[in-house]
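What's in work_13.cif: mmCIF, C-alpha atoms
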```cif
data_work
loop_
_atom_site.label_atom_id
_atom_site.label_comp_id
_atom_site.auth_asym_id
_atom_site.auth_seq_id
_atom_site.Cartn_x
_atom_site.Cartn_y
_atom_site.Cartn_z
CA MET A 32 3.67 -14.13 14.38
CA GLU A 33 3.80 -15.22 10.77
CA LYS A 34 3.99 -18.83 11.85
CA ALA A 35 0.84 -18.43 13.95
CA ILE A 36 -1.04 -16.92 11.03
CA ILE A 37 0.08 -19.69 8.70
CA LYS A 38 -0.92 -22.35 11.23
CA THR A 39 -4.36 -20.79 11.53
CA LEU A 40 -4.71 -20.65 7.76
CA LEU A 41 -3.58 -24.25 7.51
CA GLU A 42 -6.26 -25.33 9.97
CA LYS A 43 -8.86 -23.54 7.86
CA TYR A 44 -7.32 -25.15 4.81
CA TRP A 45 -7.72 -28.68 6.15
CA GLN A 46 -11.33 -27.90 6.97
CA ALA A 47 -11.86 -26.69 3.37
CA GLU A 48 -12.80 -23.28 4.75
CA THR A 49 -10.13 -21.15 3.06
CA THR A 50 -10.80 -18.77 0.21
CA VAL A 51 -8.78 -18.87 -3.02
CA GLU A 52 -6.87 -15.78 -1.80
CA GLU A 53 -5.99 -17.44 1.52
CA GLU A 54 -4.76 -20.49 -0.33
CA GLN A 55 -2.63 -18.26 -2.53
CA ALA A 56 -1.16 -16.69 0.62
CA LEU A 57 -0.30 -20.15 1.92
CA ALA A 58 1.32 -21.10 -1.36
CA ALA A 59 3.33 -17.85 -1.32
CA TYR A 60 4.54 -18.54 2.23
CA PHE A 61 5.72 -22.03 1.31
CA ARG A 62 7.54 -20.73 -1.75
CA GLN A 63 9.91 -18.79 0.52
CA GLU A 64 13.49 -19.90 1.05
CA THR A 65 13.10 -20.15 4.81
CA ILE A 66 10.16 -22.02 6.21
CA ASP A 67 9.57 -22.85 9.85
CA PRO A 68 10.76 -26.47 10.34
CA GLU A 69 7.48 -27.44 11.97
CA LEU A 70 5.61 -26.39 8.84
CA GLN A 71 8.14 -27.77 6.36
CA PRO A 72 6.26 -31.03 5.55
CA TYR A 73 3.29 -29.01 4.35
CA GLY A 74 5.63 -27.04 2.13
CA ASP A 75 6.11 -30.22 0.13
CA LEU A 76 2.38 -30.31 -0.53
CA PHE A 77 2.44 -26.83 -2.06
CA ALA A 78 5.66 -27.70 -3.90
CA TYR A 79 3.82 -30.64 -5.44
CA PHE A 80 0.96 -28.40 -6.57
CA GLY A 81 3.51 -25.96 -7.98
CA GLU A 82 5.19 -28.74 -9.94
CA GLU A 83 1.91 -29.85 -11.40
CA GLN A 84 1.18 -26.28 -12.48
CA GLN A 85 4.37 -26.30 -14.53
CA VAL A 86 2.95 -28.96 -16.85
CA THR A 87 2.04 -27.27 -20.12
CA ALA A 88 1.29 -28.24 -23.68
CA GLY A 89 4.12 -28.41 -26.19
CA PRO A 90 5.59 -25.34 -27.92
CA GLY A 91 3.51 -23.80 -30.68
CA PHE A 92 0.26 -25.07 -29.20
CA ASP A 93 -1.35 -21.62 -29.54
CA GLU A 94 -0.60 -21.56 -33.24
CA ARG A 95 -1.89 -25.08 -33.73
CA ILE A 96 -5.16 -24.15 -32.08
CA LEU A 97 -5.54 -20.97 -34.11
CA GLN A 98 -4.75 -22.85 -37.31
CA ARG A 99 -7.29 -25.51 -36.44
CA LEU A 100 -9.88 -22.77 -36.03
CA GLY A 101 -8.81 -21.08 -39.24
CA ILE A 102 -7.98 -17.84 -37.46
CA ALA A 103 -4.21 -18.04 -37.43
CA ASP A 104 -4.03 -14.76 -39.36
CA ALA A 105 -6.56 -12.97 -37.24
CA SER A 106 -5.73 -9.47 -38.43
CA SER A 107 -7.12 -10.15 -41.88
CA LEU A 108 -10.24 -11.97 -40.69
CA ALA A 109 -13.54 -10.24 -40.14
CA PRO A 110 -15.35 -11.43 -37.02
CA ASP A 111 -18.22 -13.08 -38.86
CA ASP A 112 -16.23 -14.43 -41.74
CA ALA A 113 -15.50 -17.86 -40.39
CA HIS A 114 -18.46 -19.64 -38.93
CA SER A 115 -17.12 -22.97 -40.04
CA THR A 116 -13.74 -24.20 -38.88
CA ALA A 117 -11.07 -24.49 -41.52
CA THR A 118 -8.64 -27.29 -42.02
CA VAL A 119 -4.99 -26.42 -42.27
CA ARG A 120 -3.45 -27.16 -45.63
CA THR A 121 0.14 -28.23 -45.46
CA ILE A 122 2.69 -28.78 -48.20
CA ARG A 123 3.59 -32.42 -48.25
CA PRO A 124 6.65 -34.04 -49.81
CA PHE A 125 4.38 -35.34 -52.56
CA SER A 126 3.48 -31.76 -53.45
CA LEU A 127 7.16 -30.89 -53.67
CA GLY A 128 7.57 -33.82 -56.03
CA LEU A 129 4.81 -32.43 -58.20
CA ILE A 130 6.50 -29.05 -58.25
CA ALA A 131 9.77 -30.69 -59.26
CA ALA A 132 7.98 -32.66 -61.99
CA ALA A 133 6.38 -29.46 -63.25
CA ALA A 134 9.81 -27.81 -63.32
CA ALA A 135 11.21 -30.74 -65.31
CA ILE A 136 8.34 -30.56 -67.80
CA ALA A 137 8.84 -26.82 -68.16
CA ALA A 138 12.53 -27.36 -68.79
CA LEU A 139 11.66 -29.99 -71.42
CA ILE A 140 9.29 -27.58 -73.16
CA VAL A 141 11.96 -24.86 -73.12
CA GLY A 142 14.45 -27.34 -74.53
CA LEU A 143 12.10 -28.44 -77.31
CA PHE A 144 11.32 -24.81 -78.06
CA LEU A 145 15.01 -24.09 -78.43
CA LEU A 146 15.46 -27.14 -80.66
CA THR A 147 12.56 -26.25 -82.92
CA PRO A 148 13.81 -24.91 -86.29
CA PRO A 149 13.56 -21.13 -86.48
CA VAL A 150 11.38 -21.34 -89.55
CA GLN A 151 8.78 -23.36 -87.68
CA ARG A 152 8.65 -20.73 -84.95
CA ASN A 153 8.01 -18.05 -87.49
CA VAL A 154 5.16 -20.03 -88.96
CA LEU A 155 3.48 -20.17 -85.58
CA ALA A 156 4.11 -16.50 -85.11
CA THR A 157 2.29 -15.62 -88.30
CA VAL A 158 -1.01 -16.82 -86.90
CA ASP A 159 -1.41 -13.74 -84.78
CA GLN A 160 1.38 -11.47 -85.81
CA PRO A 161 2.45 -9.83 -89.03
CA ALA A 162 5.17 -11.59 -90.99
CA ARG A 163 8.68 -10.93 -89.81
CA PRO A 164 10.93 -8.90 -92.05
CA ALA A 165 12.69 -10.92 -94.73
CA GLU A 166 16.18 -10.19 -93.41
CA ILE A 167 15.59 -12.23 -90.23
CA LYS A 168 15.63 -15.73 -91.62
CA ASP A 169 17.76 -17.35 -88.89
CA THR A 170 19.43 -19.75 -91.19
CA TYR A 171 23.09 -20.56 -91.34
CA ASP A 172 25.17 -20.56 -94.45
CA ASP A 173 28.03 -22.40 -92.76
CA PRO A 174 27.15 -26.03 -91.75
CA GLN A 175 29.77 -25.94 -88.94
CA GLN A 176 28.14 -22.85 -87.50
CA ALA A 177 24.73 -24.53 -87.67
CA LEU A 178 26.07 -27.65 -85.93
CA ALA A 179 27.59 -25.52 -83.16
CA ALA A 180 24.24 -23.77 -82.66
CA VAL A 181 22.40 -27.10 -82.41
CA ARG A 182 24.98 -28.44 -79.90
CA HIS A 183 24.56 -25.30 -77.82
CA ALA A 184 20.76 -25.67 -77.83
CA LEU A 185 21.03 -29.34 -76.82
CA LEU A 186 23.39 -28.45 -73.99
CA ILE A 187 20.91 -25.89 -72.60
CA ALA A 188 18.03 -28.38 -72.82
CA SER A 189 20.10 -31.09 -71.15
CA THR A 190 21.03 -28.75 -68.27
CA HIS A 191 17.39 -27.84 -67.63
CA LEU A 192 16.35 -31.48 -67.72
CA ASN A 193 18.99 -32.44 -65.14
CA GLU A 194 17.89 -29.63 -62.84
CA GLY A 195 14.32 -30.85 -63.04
CA ARG A 196 15.31 -34.44 -62.36
CA GLN A 197 17.37 -33.47 -59.30
CA GLN A 198 14.45 -31.51 -57.84
CA LEU A 199 12.14 -34.41 -58.49
CA THR A 200 14.42 -36.90 -56.75
CA GLY A 201 15.10 -34.57 -53.80
CA GLY A 202 11.43 -33.76 -53.29
CA ARG A 203 10.31 -37.36 -52.84
CA LYS A 204 12.82 -38.26 -50.13
CA MET B 189 -14.07 -8.80 -32.20
CA HIS B 190 -14.61 -12.51 -31.57
CA VAL B 191 -11.04 -13.31 -32.57
CA GLU B 192 -9.60 -10.83 -30.10
CA ALA B 193 -11.91 -12.00 -27.32
CA PHE B 194 -10.92 -15.59 -28.04
CA LYS B 195 -7.23 -14.75 -27.89
CA GLN B 196 -7.55 -12.76 -24.70
CA HIS B 197 -9.95 -14.84 -22.68
CA ILE B 198 -10.13 -18.37 -24.02
CA LEU B 199 -6.79 -19.24 -25.59
CA PRO B 200 -4.89 -18.54 -22.32
CA LEU B 201 -6.91 -21.33 -20.70
CA LYS B 202 -5.17 -23.88 -22.89
CA ASP B 203 -2.65 -25.02 -20.28
CA LYS B 204 -5.27 -25.46 -17.60
CA LEU B 205 -7.39 -27.48 -20.01
CA PHE B 206 -4.35 -29.43 -21.15
CA ARG B 207 -3.39 -30.39 -17.58
CA PHE B 208 -6.91 -31.51 -16.82
CA ALA B 209 -7.08 -33.49 -20.07
CA LEU B 210 -3.70 -35.07 -19.35
CA HIS B 211 -4.95 -36.13 -15.93
CA PHE B 212 -7.71 -38.12 -17.64
CA LEU B 213 -5.96 -39.37 -20.75
CA GLN B 214 -2.35 -39.84 -19.57
CA ASN B 215 -1.20 -39.12 -23.09
CA VAL B 216 0.25 -35.79 -24.18
CA GLN B 217 -0.80 -35.97 -27.82
CA GLU B 218 -4.31 -37.08 -27.03
CA ALA B 219 -4.62 -34.38 -24.37
CA GLU B 220 -3.61 -31.75 -26.93
CA ASP B 221 -6.13 -33.16 -29.39
CA ALA B 222 -8.84 -33.00 -26.74
CA VAL B 223 -8.05 -29.36 -25.99
CA GLN B 224 -8.08 -28.53 -29.70
CA ASP B 225 -11.49 -30.19 -30.02
CA VAL B 226 -12.74 -28.13 -27.10
CA MET B 227 -11.35 -24.90 -28.51
CA ALA B 228 -12.97 -25.65 -31.87
CA GLY B 229 -16.30 -26.31 -30.15
CA VAL B 230 -16.06 -23.13 -28.10
CA TRP B 231 -15.21 -21.11 -31.20
CA ALA B 232 -18.15 -22.58 -33.10
CA ARG B 233 -20.43 -21.45 -30.26
CA ARG B 234 -19.06 -17.94 -30.01
CA ALA B 235 -22.50 -16.43 -30.42
CA GLU B 236 -23.38 -17.98 -27.04
CA TRP B 237 -20.37 -16.67 -25.09
CA PRO B 238 -22.22 -13.81 -23.38
CA GLN B 239 -24.73 -16.28 -21.96
CA TRP B 240 -22.16 -18.46 -20.19
CA ASN B 241 -21.74 -17.97 -16.45
CA SER B 242 -18.05 -18.76 -16.48
CA ILE B 243 -16.03 -19.31 -19.63
CA PRO B 244 -13.27 -21.23 -17.76
CA ALA B 245 -15.88 -23.51 -16.20
CA TYR B 246 -17.56 -24.08 -19.56
CA CYS B 247 -14.25 -24.91 -21.23
CA MET B 248 -13.22 -27.20 -18.39
CA THR B 249 -16.57 -29.00 -18.50
CA ALA B 250 -16.20 -29.49 -22.25
CA THR B 251 -12.67 -30.81 -21.71
CA ARG B 252 -13.85 -33.29 -19.10
CA ASN B 253 -16.66 -34.50 -21.35
CA ASN B 254 -14.34 -34.80 -24.33
CA CYS B 255 -11.86 -36.83 -22.25
CA LEU B 256 -14.56 -39.10 -20.86
CA ASP B 257 -15.79 -39.76 -24.41
CA ARG B 258 -12.27 -40.59 -25.49
CA LEU B 259 -11.81 -42.93 -22.53
CA ARG B 260 -15.08 -44.65 -23.33
CA ARG B 261 -13.88 -45.16 -26.88
CA ARG B 262 -10.60 -46.52 -25.68
CA ARG B 263 -12.32 -48.82 -23.17
CA ILE B 264 -9.21 -49.17 -21.11
CA ARG B 265 -8.56 -48.50 -17.52
CA VAL B 266 -6.75 -45.25 -16.71
CA LEU B 267 -3.16 -45.96 -15.81
CA PRO B 268 -1.27 -44.05 -13.14
CA MET B 269 0.11 -40.79 -14.45
CA GLU B 270 3.65 -40.79 -15.73
CA LYS B 271 5.79 -39.25 -13.09
CA ALA B 272 6.77 -35.69 -13.80
CA SER B 273 10.35 -34.68 -13.24
CA GLN B 274 10.90 -33.14 -9.87
CA VAL B 275 12.82 -29.98 -9.25
CA GLY B 276 14.67 -29.55 -5.99
CA SER B 277 16.26 -26.39 -4.66
CA PRO B 278 20.01 -26.46 -5.37
CA ASP B 279 20.72 -24.58 -2.12
CA ARG B 280 19.49 -27.25 0.21
CA ASP B 281 21.18 -30.16 1.87
CA PRO B 282 21.20 -33.22 -0.44
CA HIS B 283 19.65 -35.43 2.23
CA GLU B 284 16.96 -32.87 2.87
CA THR B 285 16.29 -32.60 -0.85
CA MET B 286 16.04 -36.36 -1.05
CA THR B 287 13.50 -36.53 1.75
CA ASP B 288 11.54 -33.67 0.18
CA LYS B 289 11.44 -35.57 -3.06
CA GLN B 290 10.28 -38.66 -1.24
CA MET B 291 7.56 -36.66 0.46
CA ILE B 292 6.41 -35.18 -2.85
CA GLN B 293 6.43 -38.67 -4.30
CA ARG B 294 4.24 -39.91 -1.45
CA ILE B 295 1.87 -36.99 -1.93
CA ARG B 296 1.62 -37.72 -5.65
CA GLN B 297 0.98 -41.37 -4.96
CA CYS B 298 -1.68 -40.46 -2.43
CA MET B 299 -3.35 -38.15 -4.97
CA GLU B 300 -3.46 -40.92 -7.53
CA GLU B 301 -5.09 -43.26 -5.07
CA LEU B 302 -7.85 -40.84 -4.15
CA PRO B 303 -11.34 -41.46 -5.58
CA PRO B 304 -11.69 -39.74 -9.00
CA HIS B 305 -14.03 -37.01 -7.75
CA GLN B 306 -11.66 -36.03 -4.94
CA GLN B 307 -8.73 -35.94 -7.36
CA GLN B 308 -10.63 -33.76 -9.78
CA VAL B 309 -11.86 -31.36 -7.12
CA ILE B 310 -8.34 -30.99 -5.75
CA ARG B 311 -6.87 -30.45 -9.20
CA LEU B 312 -9.37 -27.78 -10.11
CA ARG B 313 -8.96 -26.02 -6.79
CA GLU B 314 -5.26 -26.33 -6.00
CA MET B 315 -3.73 -26.28 -9.46
CA GLU B 316 -6.21 -24.26 -11.47
CA GLY B 317 -7.57 -21.94 -8.76
CA PHE B 318 -11.24 -22.56 -9.56
CA SER B 319 -13.94 -21.31 -7.22
CA TYR B 320 -16.33 -23.75 -5.56
CA ASN B 321 -19.08 -22.61 -7.92
CA GLU B 322 -16.94 -23.28 -10.98
CA ILE B 323 -15.91 -26.70 -9.68
CA ALA B 324 -19.55 -27.54 -9.04
CA GLU B 325 -20.39 -26.59 -12.63
CA VAL B 326 -17.51 -28.53 -14.16
CA LEU B 327 -18.09 -31.70 -12.17
CA ASP B 328 -21.87 -31.39 -12.03
CA MET B 329 -21.94 -31.45 -8.22
CA THR B 330 -23.59 -29.40 -5.51
CA LEU B 331 -21.46 -26.93 -3.55
CA ASP B 332 -21.69 -29.22 -0.52
CA GLN B 333 -20.37 -32.13 -2.55
CA VAL B 334 -17.48 -30.01 -3.76
CA LYS B 335 -16.61 -29.06 -0.21
CA VAL B 336 -16.93 -32.60 1.12
CA ASN B 337 -14.72 -33.98 -1.65
CA LEU B 338 -12.14 -31.27 -1.09
CA PHE B 339 -12.20 -31.84 2.68
CA ARG B 340 -11.75 -35.60 2.32
CA GLY B 341 -9.07 -35.32 -0.34
CA ARG B 342 -7.03 -32.78 1.59
CA ASN B 343 -7.26 -34.77 4.80
CA ALA B 344 -6.18 -37.97 3.08
CA ILE B 345 -3.09 -36.11 1.91
CA ARG B 346 -2.56 -34.62 5.35
CA LYS B 347 -2.60 -38.11 6.87
CA THR B 348 -0.02 -39.25 4.36
CA ILE B 349 2.23 -36.31 5.22
CA THR B 350 1.86 -36.88 8.97
CA LYS B 351 2.53 -40.61 8.63
CA GLU B 352 5.56 -40.08 6.43
CA GLU B 353 6.91 -37.43 8.80
CA ALA B 354 6.51 -39.78 11.78
CA GLN B 355 8.43 -42.53 9.98
CA TRP B 356 11.34 -40.21 9.25
CA LYS B 357 11.51 -39.12 12.86
CA LYS B 358 11.75 -42.75 13.95
CA GLN B 359 14.70 -43.42 11.62
#
```
What does the file become when written as structure tokens?
Amino acid sequence: MEKAIIKTLLEKYWQAETTVEEEQALAAYFRQETIDPELQPYGDLFAYFGEEQQVTAGPGFDERILQRLGIADASSLAPDDAHSTATVRTIRPFSLGLIAAAAAIAALIVGLFLLTPPVQRNVLATVDQPARPAEIKDTYDDPQQALAAVRHALLIASTHLNEGRQQLTGGRK
Amino acid sequence: MHVEAFKQHILPLKDKLFRFALHFLQNVQEAEDAVQDVMAGVWARRAEWPQWNSIPAYCMTATRNNCLDRLRRRRIRVLPMEKASQVGSPDRDPHETMTDKQMIQRIRQCMEELPPHQQQVIRLREMEGFSYNEIAEVLDMTLDQVKVNLFRGRNAIRKTITKEEAQWKKQ
């Protein structure tokens, strides 16, 4: 019975008389495990169509489209906000290099700040702030103690500089 | 509102558009680029959406036009499509699977040798489930032309299947 119906549908199919629904019924029949041997060759035709339907764009294609349109974060976008399409901005290795360079410069500034004599700092502070109390002079009576403080400051500056350099080198690879 | 409508009704067409673009361009990356171009164009014209008869047909037409422009720019002849991997049922006899694969291969070859309009009509109908009206809109044909192309394309494939089947029976 089923075979007779399928044969009739197939005849209509070859005449280009079938509806989309009838063609779907044919495809569903030929997807079954057991197909009448006489009809088997036509099963390969529907198998071919099925294979072709499996071809899809690569993963993440949805996101790439939405980013191209500038509506990747749709929840925060008002419907009429984006009449022009937006270009996606990506962080490139060069940008990472810049960040690393900025970190190195910051470390250098910190280092120089630490190396600056305490008196000098106080002078700068007086521009906007009242003079510091006389008891905080930040000077050392013992030369050995002063030398140890300078060594410590240099060590901190050197550490920061190395960190900055490593980031800079890593970022440009 | 537009964003949600786009996500619900237009974005899901991406694979259909991609397959059609791939059929023309034979290059995955370029096909994706074509679909992105189309999506960007459709989004830019969102004020016109309510006036379109069929959004899938509009998108497919835009895809076809985009691909034809790209091919014109390339100025090269379209090469046969790279063969997709074939999946056979693990439960079937190996010989049977082999002959099935051969048959599918013959069908694919036959499809590729069909005139472009017949190929496109068959693709839109069999793989994308488009109505005759939508196919007519996409390919700028009359309904009769759609039907004639579909009839001829299907019967060319049928002949291939019958011929192949007869050869196997002789062996």
Item to check | Within 7 Å of chain A: residues of chain B, using only C-alpha atoms, as a ChimeraX atom specification | outcome: /B:189-191,203,206-207,220,224,228,232,288,291-292,295,314-315,317,335,338-339,342-343,349
Item to check | Given all atoms listed in the file as the counted atoms, nearest of B:Val336, B:Pro200, B:Cys298, B:Leu327 to Thr348 (chain B) | outcome: B:Cys298
Item to check | Of the listed residues B:Asn254, B:Gln239, B:Gln297, B:Thr249, that which approaches Asp221 (chain B) most closely, counting only C-alpha atoms | outcome: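 Result for the nearest residue to Asp221 (chain B): B:Asn254.
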Checklist entry - Quick one, how far is CA of Trp237 (chain B) from CA of Glu316 (chain B)? => result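 Separation of CA of Trp237 (chain B) and CA of Glu316 (chain B): 21.1 Å.
The gap separating CA of Phe208 (chain B) from CA of Glu352 (chain B) is 27.7 Å, in Å to one decimal.
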Report the centre and edge lengths, in Å to one decimal, of an axis-aligned box enclosing every atom of region 195-213 of chain B listed in the file, padded by 5 Å on each side, as lines of an AutoDock Vina configuration file.
```
center_x = -6.4
center_y = -26.1
center_z = -21.9
size_x = 17.5
size_y = 36.6
size_z = 22.0
```
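For the pair CA of Lys351 (chain B) and CA of Gln290 (chain B), the separation is 12.7 Å.
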